[in-house]
Amino acid sequence: MWKLKVADGGNNDPYIFSTNNFIGRQVWEFDPDYGTREEQAEVEAARENFWENRHLIKCNSDLLWRMQFLREKNFKQTIPQVKVGDGEEITYEIAKTAMRRGAHFFSALQASDGHWPAEIAGPLYFLPPLVMCLYITGHLDTVFPAEYRREILRYLYCHQNEDGGWGFHIEGHSTMISTTLNYICMRILGEGPDGGRDNACARGRKWIRDRGGVTSIPSWGKTWLSIFGLFDWSGSNPMPPEFWLFPSFLPIHPGRFVGPITPLVLELREELFLQPYNEINWKKVRHLCAKEDLYYPHPLIQDLMWDTLYICIEPLLTRWPFNKLRQKALKVTMKHIHYEDENSRYITIGCVEKSLCMLSCWVENPNGDYFKKHLARIPDYIWVGEDGIKMQSFGSQEWDTAFALQALLACNLTNEIGPTLKKGHEYVRESQVKDNPSGDFKSMFRHISKGSWTFADQDHGWQVSDCTAEGLKCCLLFSLMPPEIVGAKMEPERLYDSVNILLSLQSKNGGLAAWEPATAPKWLEMFNPTEFFANTIVEHEYVECTASAIQALVLFKKLYPGHRKNEIHNCITNAVRFIEDKQMPDGSWYGSWGICFTYGTWFALGGLAAAGKTNKNCLAIRRGVEFLLKSQRDDGGWGESHASCPNEKYIPLEGNRSNLVQTAWALMGLLHSGQAERDPTPLHKAAKLLINSQKEDGDFPQQEITGCFMKNCMLHYATYRNTFPLWALAEYMKNCISLSSVGEKLK
């Protein structure tokens with residue numbers, strides 16, 4: 001049976017190292033002797049239940065580790081379940097009981113090192129390149145033995161669409177890139193052309209061939225197929241590594257490496273193309289992209305650039321004497337790869353880069369330490385759920401934990417969950433990045449990171465503005481509490497480092513970028529080489545990052561009024577202006593990292609309120625409130641489709657459905673605006689939905705996907721269903737029950 005291990009150092013593996021003793025690391029291990037027959041039967045029942053309902057609820061409930069943790073802690077919900085009937089009052093006791101039940105359940109899910117584990121997956125193009133990489137390097141059986149392969153296949157079967165294809169993400173329509181990569185993945189893992197559960201391979205192949213074969217796969221797919229030997233490199237647009245010799249950053253091409261042409265590769269050449277492989281005119285397929293995949297059509301100027309590189313530049317650079325430059329460029333490219341690898345402890349910035357960097361190290365030296373260090377960090381990306389094994393984006397430990405702690409702090413149950421808070425506080429303190437990237441990091445195009453928090457764990461190393469803001473908020477909130485209960489507060493100098501990070505990431509327009517300063521001109525986005533993403537070329541400012549920073553800096557300013565007083569004041573003022581400027585005509589804000597306008601509006605209202613804006617003195621708040629009230633559903637909740645993100649307009653869920661996570665966001669947004677003082681009725685209706693949706697054990701049901709990135713791809717944040725309904729109920733208790741008539745009835 002599968003078991004989640006926390007803060008595990010890899011059994012003294014000499015090729016793995018850590019900056020903080022692996023705090024926050026979460027890896028899965030298969031132990032054939034683990035678990036009783038009853039426990040194994042419980043897991044199988046969860047798997048079969050997901051399979052039977054896979055087309056209704058696409059997100060898994062992340063049950064395997066939850067079962068394990070609740071079992072290990074012998075958790076039993078002892079607080080009776082409560083419901084609010086039609087016309088019944090939400091009393092103080094009902095609201096508090098629901099909140100306590102959620103808090104005790106959620107506390108039981110905390111890991112031994114203080115963080116909350118969780119899946120963060122959903123895109124269906126993450127895992128196949130890793131499998132292809134391991135197949136090429138000859139390490140597939142070692143890294144993914146039979147038990148792993150079985151669960152990878154389970155995941156592919158569970159998320160195949162009814163039309164036979166696979167979506168860009170688990171709730172998306174079928175696309176050529178995901179269908180092709182997942183089909184190849186099934187074949188690599190041992191399925192025959194007509195194999196797989198529910199005729200998975202035959203149905204997937206039919207989807208591909210019905211649309212003209214894989215020649216219309218997007219550019220990323222062309223790259224991986226070329227590496228694998230299923231696409232001629234002349235059918236891909238070149239990305240010369242010589243760009244790295246220029247003093248500005250440009251994306252890199254992995255080179256013209258081709259993996260071994262095995263019998264499987266030859267079979268796939270016959271299965272995936274409509275015409276014989278050797279008869280394809282590769283030059284004519286460079287710009288092809290299936291209509292199902294096309295989100296960002298290339299502008300004419302970009303196609304002209306590709307044609308110039310293809311026809312003129314690339315042939316020149318591969319011939320003497322210019323090929324001398326190619327060798328130098330490849331060395332510079334590998335220097336950057338090794339630098340990124342070392343400074344992320346071989347996790348790399350994310351899963352797409354992980355497979356490419358690992359393959360590059362293998363091509364450089366198949367027996368070298370660089371490649372072996374990459375192999376040792378593959379488990380950091382693997383996650384096991386009742387729907388099988390998937391590859392995560394790179395983990396969300398710090399992000400999820402910061403929100404979890406704020407939700408629990410809002411409950412004001414220190415006397416009941418004190419040890420949970422203390423352990424979480426220690427985790428956040430130990431997860432702060434202590435140093436900048438090594439050496440001359442600016443020459444390697446890296447920004448300062450000392451004082452930041454990452455999205456994942458400290459070893460990941462990449463600073464993120466909103467993660468830093470949420471981590472800083474946690475430490476400041478804990479500093480107001482007795483140290484004998486929650487542990488020693490963080491040293492002021494380390495808080496100052498965090499503030500420095502936030503100030504450094506603010507742009508002239510007042511907004512905060514996510515990873516690094518947004519200094520490049522936005523027009524460079526016209527050279528976005530992907531067809532299915534937006535905003536990929538340069539860094540951008542985000543409403544959510546900006547709002548998080550406002551809240552953190554306002555709290556810091558209250559506690560440390562003398563530190564960089566004028567800079568912080570100006571930062572907050574300019575950030576408020578940015579948020580007001582970004583408001584949409586309907587009063588909402590676009591959310592870039594969650595779905596979508598509900599998410600962005602919650603952040604924006606929270607940031608504005610923290611800066612002292614109110615419904616009375618701020619038109620933006622009044623318009624934001626109007627948007628939320630207009631979009632509330634009949635059952636008291638809110639429900640927004642992931643289609644809002646790529647379409648950039650509010651689209652409700654079908655069937656007048658509500659989503660509990662989005663309901664919690666909207667409820668907290670209204671509470672930020674002071675809605676309880678004006679008319680608490682919409683708040684009571686939302687709280688009633690949350691209370692009545694709580695399950696018997698204190699959990700909340702898993703519903704639709706709620707995370708997003710790059711406008712067109714969605715992420716499943718599995719802890720959100722616990723964090724945000726709990727947090728919203730706590731804020732409702734604090735702001736609404738005490739301010740409104742406790743005896744008000746819900747009609």
# chains A, B, ... in the order shown; residues from 1 in each chain; ligands from 1
$ select_by_dssp --residues "stretch 219-325 of chain A" --states "alpha helix (DSSP H)" --output "ChimeraX atom specification"
/A:219-228,263-272,300-308,314-317,323-325
$ write_last_selection --atoms "N, CA, C and O atoms" --output "CSV table (one decimal), in the first residue's frame"
chain,number,residue,atom,x,y,z
A,219,SER,N,3.8,23.5,-30.6
A,219,SER,CA,5.2,23.5,-30.6
A,219,SER,C,5.9,22.7,-29.5
A,219,SER,O,6.9,22.0,-29.8
A,220,TRP,N,5.4,22.8,-28.3
A,220,TRP,CA,6.0,22.0,-27.2
A,220,TRP,C,5.9,20.5,-27.5
A,220,TRP,O,6.8,19.8,-27.3
A,221,GLY,N,4.8,20.1,-28.1
A,221,GLY,CA,4.6,18.7,-28.5
A,221,GLY,C,5.6,18.3,-29.6
A,221,GLY,O,6.2,17.2,-29.6
A,222,LYS,N,5.8,19.2,-30.5
A,222,LYS,CA,6.7,19.0,-31.6
A,222,LYS,C,8.1,18.8,-31.0
A,222,LYS,O,8.9,17.9,-31.5
A,223,THR,N,8.5,19.6,-30.0
A,223,THR,CA,9.8,19.4,-29.4
A,223,THR,C,10.0,18.1,-28.8
A,223,THR,O,11.0,17.4,-29.0
A,224,TRP,N,9.0,17.6,-28.0
A,224,TRP,CA,9.1,16.4,-27.3
A,224,TRP,C,9.1,15.2,-28.3
A,224,TRP,O,9.8,14.2,-28.1
A,225,LEU,N,8.2,15.3,-29.3
A,225,LEU,CA,8.2,14.2,-30.3
A,225,LEU,C,9.5,14.1,-31.1
A,225,LEU,O,10.0,13.0,-31.4
A,226,SER,N,10.1,15.3,-31.3
A,226,SER,CA,11.4,15.3,-32.0
A,226,SER,C,12.5,14.6,-31.1
A,226,SER,O,13.3,13.9,-31.6
A,227,ILE,N,12.5,15.0,-29.9
A,227,ILE,CA,13.4,14.3,-28.9
A,227,ILE,C,13.2,12.8,-28.9
A,227,ILE,O,14.2,12.1,-28.9
A,228,PHE,N,12.0,12.4,-28.9
A,228,PHE,CA,11.7,11.0,-28.8
A,228,PHE,C,11.9,10.2,-30.1
A,228,PHE,O,11.8,9.0,-30.1
A,263,PRO,N,12.1,-0.3,-31.4
A,263,PRO,CA,10.9,-0.8,-32.1
A,263,PRO,C,9.6,-0.1,-31.7
A,263,PRO,O,8.7,0.1,-32.5
A,264,LEU,N,9.5,0.3,-30.4
A,264,LEU,CA,8.3,1.1,-30.0
A,264,LEU,C,8.2,2.4,-30.8
A,264,LEU,O,7.1,2.8,-31.2
A,265,VAL,N,9.3,3.1,-30.9
A,265,VAL,CA,9.2,4.4,-31.7
A,265,VAL,C,8.8,4.1,-33.1
A,265,VAL,O,7.9,4.9,-33.6
A,266,LEU,N,9.3,3.1,-33.7
A,266,LEU,CA,8.9,2.8,-35.1
A,266,LEU,C,7.4,2.4,-35.2
A,266,LEU,O,6.7,2.8,-36.1
A,267,GLU,N,6.9,1.7,-34.2
A,267,GLU,CA,5.4,1.4,-34.2
A,267,GLU,C,4.6,2.7,-34.0
A,267,GLU,O,3.6,2.8,-34.7
A,268,LEU,N,5.1,3.5,-33.1
A,268,LEU,CA,4.3,4.8,-32.9
A,268,LEU,C,4.3,5.7,-34.2
A,268,LEU,O,3.4,6.4,-34.4
A,269,ARG,N,5.4,5.6,-34.9
A,269,ARG,CA,5.4,6.4,-36.2
A,269,ARG,C,4.3,5.9,-37.1
A,269,ARG,O,3.7,6.7,-37.9
A,270,GLU,N,4.0,4.7,-37.1
A,270,GLU,CA,2.9,4.2,-37.9
A,270,GLU,C,1.5,4.5,-37.3
A,270,GLU,O,0.5,4.7,-38.0
A,271,GLU,N,1.4,4.5,-36.0
A,271,GLU,CA,0.1,4.7,-35.3
A,271,GLU,C,-0.4,6.1,-35.3
A,271,GLU,O,-1.6,6.3,-35.3
A,272,LEU,N,0.6,7.1,-35.3
A,272,LEU,CA,0.2,8.4,-35.0
A,272,LEU,C,0.1,9.3,-36.2
A,272,LEU,O,-0.3,10.5,-36.1
A,300,LEU,N,1.7,37.5,-37.1
A,300,LEU,CA,2.5,37.4,-38.3
A,300,LEU,C,4.0,37.7,-38.1
A,300,LEU,O,4.9,37.0,-38.6
A,301,ILE,N,4.3,38.7,-37.2
A,301,ILE,CA,5.7,39.0,-37.0
A,301,ILE,C,6.5,37.9,-36.3
A,301,ILE,O,7.7,37.7,-36.6
A,302,GLN,N,5.8,37.1,-35.5
A,302,GLN,CA,6.4,35.9,-34.9
A,302,GLN,C,6.7,34.8,-36.0
A,302,GLN,O,7.8,34.2,-36.0
A,303,ASP,N,5.8,34.6,-36.8
A,303,ASP,CA,6.0,33.6,-37.9
A,303,ASP,C,7.1,34.0,-38.8
A,303,ASP,O,7.9,33.2,-39.3
A,304,LEU,N,7.2,35.3,-39.1
A,304,LEU,CA,8.3,35.8,-39.9
A,304,LEU,C,9.7,35.6,-39.2
A,304,LEU,O,10.7,35.3,-39.8
A,305,MET,N,9.7,35.8,-37.8
A,305,MET,CA,10.9,35.5,-37.1
A,305,MET,C,11.3,34.0,-37.2
A,305,MET,O,12.5,33.7,-37.4
A,306,TRP,N,10.3,33.1,-37.0
A,306,TRP,CA,10.6,31.7,-37.1
A,306,TRP,C,11.1,31.4,-38.5
A,306,TRP,O,12.1,30.6,-38.6
A,307,ASP,N,10.5,31.9,-39.5
A,307,ASP,CA,10.9,31.6,-40.9
A,307,ASP,C,12.3,32.1,-41.1
A,307,ASP,O,13.1,31.4,-41.8
A,308,THR,N,12.7,33.2,-40.6
A,308,THR,CA,14.0,33.8,-40.8
A,308,THR,C,15.0,32.9,-40.1
A,308,THR,O,16.1,32.5,-40.6
A,314,GLU,N,19.6,29.4,-38.8
A,314,GLU,CA,19.9,28.0,-38.3
A,314,GLU,C,20.9,27.3,-39.2
A,314,GLU,O,21.9,26.7,-38.8
A,315,PRO,N,20.6,27.3,-40.6
A,315,PRO,CA,21.6,26.6,-41.5
A,315,PRO,C,23.0,27.2,-41.4
A,315,PRO,O,24.0,26.5,-41.5
A,316,LEU,N,23.0,28.5,-41.2
A,316,LEU,CA,24.3,29.2,-41.1
A,316,LEU,C,25.1,28.8,-39.8
A,316,LEU,O,26.3,28.5,-39.8
A,317,LEU,N,24.3,28.7,-38.7
A,317,LEU,CA,25.0,28.4,-37.4
A,317,LEU,C,25.4,27.0,-37.2
A,317,LEU,O,26.2,26.7,-36.3
A,323,ASN,N,29.7,27.0,-36.6
A,323,ASN,CA,29.4,26.0,-35.6
A,323,ASN,C,30.3,26.0,-34.4
A,323,ASN,O,30.0,25.4,-33.4
A,324,LYS,N,31.4,26.8,-34.5
A,324,LYS,CA,32.2,27.0,-33.3
A,324,LYS,C,31.4,27.8,-32.3
A,324,LYS,O,31.5,27.6,-31.1
A,325,LEU,N,30.6,28.7,-32.8
A,325,LEU,CA,29.8,29.5,-31.9
A,325,LEU,C,28.7,28.6,-31.2
A,325,LEU,O,28.4,28.8,-30.1
$ residues_around --residues "A:Tyr732" --least-positions-apart "6" --cutoff "8 Å" --atoms "only C-alpha atoms" --output "list in words"
Leu667, Met668, Leu671, Leu683 and Ala687 of chain A
$ write_last_selection --atoms "all heavy atoms" --output "mmCIF file, in the first residue's frame"
data_model
loop_
_atom_site.group_PDB
_atom_site.id
_atom_site.type_symbol
_atom_site.label_atom_id
_atom_site.label_comp_id
_atom_site.auth_asym_id
_atom_site.auth_seq_id
_atom_site.Cartn_x
_atom_site.Cartn_y
_atom_site.Cartn_z
ATOM 1 N N LEU A 667 -17.713 35.233 0.237
ATOM 2 C CA LEU A 667 -18.173 35.589 1.579
ATOM 3 C C LEU A 667 -17.128 36.434 2.296
ATOM 4 O O LEU A 667 -17.450 37.468 2.905
ATOM 5 C CB LEU A 667 -18.479 34.323 2.371
ATOM 6 C CG LEU A 667 -18.857 34.484 3.850
ATOM 7 C CD1 LEU A 667 -20.020 35.454 4.026
ATOM 8 C CD2 LEU A 667 -19.176 33.124 4.469
ATOM 9 N N MET A 668 -15.860 36.041 2.215
ATOM 10 C CA MET A 668 -14.811 36.821 2.870
ATOM 11 C C MET A 668 -14.619 38.173 2.200
ATOM 12 O O MET A 668 -14.341 39.176 2.867
ATOM 13 C CB MET A 668 -13.504 36.027 2.885
ATOM 14 C CG MET A 668 -13.529 34.856 3.861
ATOM 15 S SD MET A 668 -11.906 34.108 4.154
ATOM 16 C CE MET A 668 -11.651 33.230 2.606
ATOM 17 N N LEU A 671 -17.284 40.346 3.558
ATOM 18 C CA LEU A 671 -16.977 40.695 4.945
ATOM 19 C C LEU A 671 -15.900 41.772 5.011
ATOM 20 O O LEU A 671 -15.969 42.687 5.840
ATOM 21 C CB LEU A 671 -16.541 39.446 5.716
ATOM 22 C CG LEU A 671 -17.650 38.437 6.028
ATOM 23 C CD1 LEU A 671 -17.064 37.128 6.533
ATOM 24 C CD2 LEU A 671 -18.619 39.013 7.056
ATOM 25 N N LEU A 683 -24.799 37.231 3.519
ATOM 26 C CA LEU A 683 -23.771 36.523 4.278
ATOM 27 C C LEU A 683 -24.371 35.320 5.000
ATOM 28 O O LEU A 683 -23.769 34.244 5.048
ATOM 29 C CB LEU A 683 -23.114 37.471 5.276
ATOM 30 C CG LEU A 683 -22.634 38.817 4.715
ATOM 31 C CD1 LEU A 683 -22.064 39.680 5.835
ATOM 32 C CD2 LEU A 683 -21.613 38.610 3.618
ATOM 33 N N ALA A 687 -23.246 31.459 4.510
ATOM 34 C CA ALA A 687 -22.826 30.659 5.664
ATOM 35 C C ALA A 687 -23.695 29.418 5.817
ATOM 36 O O ALA A 687 -23.206 28.338 6.170
ATOM 37 C CB ALA A 687 -22.882 31.510 6.931
#
$ closest_residue --among "A:Glu340, A:Asp635, A:Glu541, A:Asp113" --to "A:Ser431" --atoms "only C-alpha atoms"
A:Asp113
$ residues_around --residues "A:Asn574" --least-positions-apart "5" --cutoff "12 Å" --atoms "only C-alpha atoms" --output "number ranges by chain"
A: 503, 506-512, 546-547, 549-550, 567-569, 579-581, 608, 611
$ closest_residue --among "A:Leu330, A:Gln397, A:Ala200, A:Leu130" --to "A:Val352" --atoms "only C-alpha atoms"
A:Leu130
